[in-house]
$ cat run-v7.cif   # mmCIF, C-alpha atoms and all ligand atoms
data_protein
loop_
_atom_site.label_atom_id
_atom_site.label_comp_id
_atom_site.auth_asym_id
_atom_site.auth_seq_id
_atom_site.Cartn_x
_atom_site.Cartn_y
_atom_site.Cartn_z
CA MET A 26 28.20 -49.81 -2.73
CA ALA A 27 28.42 -47.34 0.15
CA ASN A 28 29.13 -44.59 -2.35
CA LYS A 29 26.15 -45.43 -4.51
CA GLN A 30 23.80 -45.43 -1.51
CA HIS A 31 25.18 -42.07 -0.46
CA SER A 32 24.58 -40.40 -3.81
CA SER A 33 21.05 -41.76 -4.22
CA SER A 34 20.05 -40.43 -0.79
CA MET A 35 21.55 -37.07 -1.85
CA ILE A 36 19.36 -37.03 -4.94
CA LEU A 37 16.33 -37.88 -2.84
CA THR A 38 17.13 -35.08 -0.39
CA ILE A 39 17.61 -32.53 -3.20
CA THR A 40 14.37 -33.60 -4.86
CA VAL A 41 12.43 -33.20 -1.61
CA VAL A 42 14.01 -29.80 -0.90
CA VAL A 43 13.26 -28.56 -4.43
CA ALA A 44 9.69 -29.80 -4.16
CA ILE A 45 9.18 -27.99 -0.86
CA VAL A 46 10.71 -24.76 -2.21
CA LEU A 47 8.50 -24.91 -5.29
CA MET A 48 5.43 -25.45 -3.10
CA ILE A 49 6.36 -22.50 -0.91
CA ILE A 50 6.82 -20.24 -3.94
CA ILE A 51 3.95 -21.41 -6.12
CA TRP A 52 1.20 -21.82 -3.52
CA PRO A 53 1.04 -18.16 -2.45
CA LEU A 54 1.36 -17.05 -6.07
CA SER A 55 -1.65 -19.10 -7.06
CA MET A 56 -3.58 -17.62 -4.13
CA LEU A 57 -2.65 -14.12 -5.29
CA GLY A 58 -4.02 -14.80 -8.74
CA LYS A 59 -7.31 -16.23 -7.46
CA GLY A 60 -8.00 -14.04 -4.43
CA PRO A 61 -9.56 -10.81 -5.73
CA SER A 62 -11.48 -12.13 -8.74
CA ALA A 63 -12.86 -15.14 -6.85
CA THR A 64 -14.21 -13.14 -3.92
CA GLY A 65 -14.60 -9.65 -5.45
CA SER A 66 -13.02 -8.39 -2.26
CA GLY A 67 -13.49 -4.88 -0.86
CA ASP A 68 -9.96 -3.94 -1.87
CA GLU A 69 -10.68 -4.55 -5.51
CA VAL A 70 -13.90 -2.54 -5.40
CA GLU A 71 -12.04 0.28 -3.70
CA LEU A 72 -9.39 0.23 -6.43
CA ARG A 73 -12.05 0.43 -9.13
CA ILE A 74 -13.84 3.46 -7.63
CA LEU A 75 -10.65 5.21 -6.52
CA PRO A 76 -10.24 7.47 -9.60
CA VAL A 77 -13.87 8.58 -9.40
CA ALA A 78 -13.65 9.17 -5.65
CA ARG A 79 -10.55 11.30 -6.17
CA ILE A 80 -12.28 13.47 -8.74
CA GLU A 81 -15.34 13.91 -6.52
CA MET A 82 -13.14 15.00 -3.62
CA LYS A 83 -11.32 17.52 -5.83
CA LYS A 84 -14.67 18.94 -6.94
CA ALA A 85 -15.77 19.37 -3.32
CA VAL A 86 -12.58 21.25 -2.48
CA VAL A 87 -12.89 23.49 -5.54
CA VAL A 88 -16.51 24.32 -4.73
CA SER A 89 -15.77 25.44 -1.19
CA ASP A 90 -12.63 27.30 -2.30
CA GLY A 91 -14.26 28.82 -5.36
CA LYS A 92 -16.89 30.68 -3.38
CA PRO A 93 -15.28 33.04 -0.88
CA ARG A 94 -17.57 33.84 2.04
CA ASP A 95 -18.79 37.43 2.03
CA GLY A 96 -17.95 40.04 4.65
CA ALA A 97 -21.23 39.82 6.55
CA THR A 98 -21.02 36.02 6.82
CA ILE A 99 -17.46 36.14 8.10
CA TYR A 100 -18.23 39.02 10.47
CA ASN A 101 -21.09 37.09 12.07
CA ALA A 102 -19.09 33.89 12.32
CA SER A 103 -15.69 35.19 13.39
CA CYS A 104 -15.72 38.88 14.39
CA ALA A 105 -19.04 39.64 16.08
CA ALA A 106 -18.03 37.68 19.19
CA CYS A 107 -15.80 40.59 20.19
CA HIS A 108 -16.82 43.50 18.02
CA ALA A 109 -20.60 43.33 18.60
CA SER A 110 -20.25 43.71 22.36
CA GLY A 111 -16.86 45.39 22.61
CA ALA A 112 -15.49 42.41 24.49
CA ALA A 113 -11.78 42.45 25.32
CA GLY A 114 -11.66 46.17 24.52
CA ALA A 115 -12.62 45.70 20.87
CA PRO A 116 -13.98 48.81 19.12
CA LYS A 117 -17.74 48.17 18.90
CA THR A 118 -19.35 47.64 15.54
CA GLY A 119 -20.97 50.88 14.38
CA ASP A 120 -19.38 52.97 17.17
CA LYS A 121 -18.22 55.93 15.07
CA ALA A 122 -16.23 57.56 17.89
CA ALA A 123 -14.29 54.37 18.58
CA TRP A 124 -13.58 53.76 14.91
CA ALA A 125 -12.83 57.30 13.69
CA PRO A 126 -9.19 57.43 14.81
CA ARG A 127 -8.57 53.92 13.48
CA ILE A 128 -10.22 54.69 10.15
CA ALA A 129 -8.07 57.85 9.97
CA ALA A 130 -4.98 55.64 9.99
CA GLY A 131 -6.06 54.25 6.64
CA THR A 132 -7.52 51.05 5.24
CA ALA A 133 -4.08 49.51 4.71
CA THR A 134 -3.25 49.88 8.42
CA LEU A 135 -6.61 48.46 9.50
CA LEU A 136 -6.11 45.48 7.22
CA LYS A 137 -2.53 44.95 8.37
CA ASN A 138 -3.57 45.03 12.05
CA ALA A 139 -6.47 42.65 11.40
CA THR A 140 -4.10 40.30 9.54
CA ASN A 141 -1.32 40.31 12.13
CA GLY A 142 -3.45 40.86 15.21
CA LYS A 143 -3.47 43.85 17.54
CA GLY A 144 -3.75 44.02 21.33
CA ALA A 145 -6.25 41.39 22.47
CA MET A 146 -7.16 40.51 18.88
CA PRO A 147 -5.38 37.42 17.54
CA PRO A 148 -4.18 37.36 13.91
CA ARG A 149 -7.16 37.29 11.50
CA GLY A 150 -9.45 37.70 14.51
CA GLY A 151 -8.60 34.10 15.38
CA ALA A 152 -10.14 32.80 12.14
CA SER A 153 -6.90 31.46 10.68
CA ASP A 154 -8.72 29.77 7.79
CA LEU A 155 -9.74 33.09 6.24
CA SER A 156 -8.11 33.94 2.93
CA ASP A 157 -6.67 37.46 2.50
CA GLU A 158 -9.62 38.26 0.30
CA GLU A 159 -12.13 37.08 2.90
CA LEU A 160 -10.43 38.96 5.72
CA LYS A 161 -10.46 42.12 3.62
CA ALA A 162 -14.19 41.68 2.99
CA ALA A 163 -14.80 41.28 6.73
CA VAL A 164 -12.73 44.36 7.58
CA ASN A 165 -14.58 46.40 4.95
CA TYR A 166 -17.91 45.20 6.33
CA LEU A 167 -16.96 45.96 9.94
CA VAL A 168 -15.40 49.35 9.18
CA GLY A 169 -18.23 50.25 6.80
CA LYS A 170 -20.69 50.05 9.72
CA ALA A 171 -18.87 52.88 11.51
CA LYS A 172 -18.54 55.28 8.59
C1 LIG B 201 -10.97 37.98 20.45
C2 LIG B 201 -11.73 39.18 20.17
C3 LIG B 201 -11.71 39.69 18.73
C4 LIG B 201 -12.12 39.05 17.60
C5 LIG B 201 -12.71 37.64 17.47
C6 LIG B 201 -11.93 39.97 16.51
N1 LIG B 201 -11.39 41.13 16.97
FE1 LIG B 201 -10.90 42.75 15.87
N2 LIG B 201 -10.24 43.70 17.51
C7 LIG B 201 -10.26 43.20 18.80
C8 LIG B 201 -9.64 44.16 19.70
C9 LIG B 201 -9.47 43.97 21.20
C10 LIG B 201 -9.26 45.27 18.93
C11 LIG B 201 -8.57 46.51 19.40
C12 LIG B 201 -7.06 46.25 19.34
C13 LIG B 201 -6.27 47.42 19.92
O1 LIG B 201 -6.42 48.53 19.39
O2 LIG B 201 -5.52 47.16 20.85
C14 LIG B 201 -9.65 44.95 17.56
C15 LIG B 201 -9.45 45.78 16.49
C16 LIG B 201 -9.81 45.52 15.19
C17 LIG B 201 -9.58 46.41 14.07
C18 LIG B 201 -8.94 47.76 14.12
C19 LIG B 201 -7.44 47.59 13.96
C20 LIG B 201 -6.73 48.92 14.08
O3 LIG B 201 -5.95 49.23 13.18
O4 LIG B 201 -6.95 49.62 15.10
C21 LIG B 201 -10.06 45.78 12.96
C22 LIG B 201 -10.05 46.31 11.54
C23 LIG B 201 -10.58 44.51 13.39
N3 LIG B 201 -10.41 44.38 14.74
C24 LIG B 201 -11.14 43.58 12.53
C25 LIG B 201 -11.58 42.32 12.93
C26 LIG B 201 -12.11 41.36 12.03
C27 LIG B 201 -12.29 41.57 10.55
C28 LIG B 201 -12.42 40.27 12.76
C29 LIG B 201 -13.00 38.96 12.28
C30 LIG B 201 -12.31 38.29 11.22
C31 LIG B 201 -12.07 40.55 14.15
N4 LIG B 201 -11.57 41.82 14.21
C32 LIG B 201 -12.23 39.67 15.19
C33 LIG B 201 -10.74 41.96 19.18
C34 LIG B 201 -11.25 40.99 18.32
#
$ encode --input "run-v7.cif" --output "structure tokens" --more "lines below"
Ligand code: HEC
Amino acid sequence: MANKQHSSSMILTITVVVAIVLMIIIWPLSMLGKGPSATGSGDEVELRILPVARIEMKKAVVVSDGKPRDGATIYNASCAACHASGAAGAPKTGDKAAWAPRIAAGTATLLKNATNGKGAMPPRGGASDLSDEELKAAVNYLVGKAK
């Protein structure tokens, strides 16, 4: 008799435990299935537009990369601060006497010094976002004014 009682209470305990475990596992799963489609949550919308958003962002990057700024634009934005006034000992734009000895050293030297920096001038005139091509255009523009 004692044995029988013991085993039936075991079965009851196991049944309750299994029922609780099943509830714990199944309840969140059913929420997962319902959540997004029932509410149309922001996450789901974001997921749907994600591929398009990625492509648009790529386009924007290509557009700004695809069009290198020209020498005059770069000069005005990044070089004139020093070279227009001669600030910090910079050779002034259009000052033939100041530029002649530098120009005599050759375009390659001018470009190298503009790239690496020289004296008070930081590398790339401080405009570290300039591509090599853009820096070259700016140097040509600046030097061209003193020829
Ligand atoms: C912070 C001030 C400053 C800015 C900004 C600046 N420069 Fe200069 N630059 C100088 C100074 C100072 C020198 C003279 C360096 C020396 O001879 O000691 C110089 C010299 C040069 C030279 C002559 C290098 C040589 O071989 O003698 C070139 C070319 C030049 N700059 C190009 C540029 C270009 C292009 C830009 C813009 C992208 C620029 N600089 C922006 C200060 C500046």
$ atom_distance --input "run-v7.cif" --atom1 "atom CA of His108 of chain A" --atom2 "atom CA of Asn141 of chain A"
16.9 Å
$ residues_around --input "run-v7.cif" --residues "Ala105 of chain A" --least-positions-apart "2" --cutoff "12 Å" --atoms "all atoms listed in the file" --output "number ranges by chain"
A: 96-103, 107-112, 115-119, 150-152, 163-164, 166-167
$ atom_distance --input "run-v7.cif" --atom1 "atom C2 of ligand LIG 201 (chain B)" --atom2 "atom CA of Ala113 of chain A"
6.1 Å
$ atom_distance --input "run-v7.cif" --atom1 "atom CA of Asp120 of chain A" --atom2 "atom CA of Ser153 of chain A"
25.7 Å
$ residues_around --input "run-v7.cif" --residues "Ile128 of chain A" --least-positions-apart "6" --cutoff "9 Å" --atoms "only C-alpha atoms" --output "PyMOL selection string"
chain A and resi 134-135+168+171-172
$ closest_residue --input "run-v7.cif" --among "A:Leu155, A:Ala145, A:Ala133, A:Val42" --to "ligand LIG 201 (chain B)" --atoms "only C-alpha atoms and all ligand atoms"
A:Ala145
$ closest_residue --input "run-v7.cif" --among "A:Leu136, A:Leu54, A:Met48, A:Asp157" --to "ligand LIG 201 (chain B)" --atoms "only C-alpha atoms and all ligand atoms"
A:Leu136
$ closest_residue --input "run-v7.cif" --among "A:Val46, A:Ala125, A:Val41, A:Met56" --to "ligand LIG 201 (chain B)" --atoms "only C-alpha atoms and all ligand atoms"
A:Ala125
$ closest_residue --input "run-v7.cif" --among "A:Cys104, A:Lys170, A:Met35, A:Trp124" --to "ligand LIG 201 (chain B)" --atoms "only C-alpha atoms and all ligand atoms"
A:Cys104
$ closest_residue --input "run-v7.cif" --among "A:Ser156, A:Ile51, A:Asn138, A:Pro148" --to "ligand LIG 201 (chain B)" --atoms "only C-alpha atoms and all ligand atoms"
A:Asn138
$ closest_residue --input "run-v7.cif" --among "A:Ser55, A:Ser34, A:Thr140, A:Thr40" --to "ligand LIG 201 (chain B)" --atoms "all atoms listed in the file"
A:Thr140
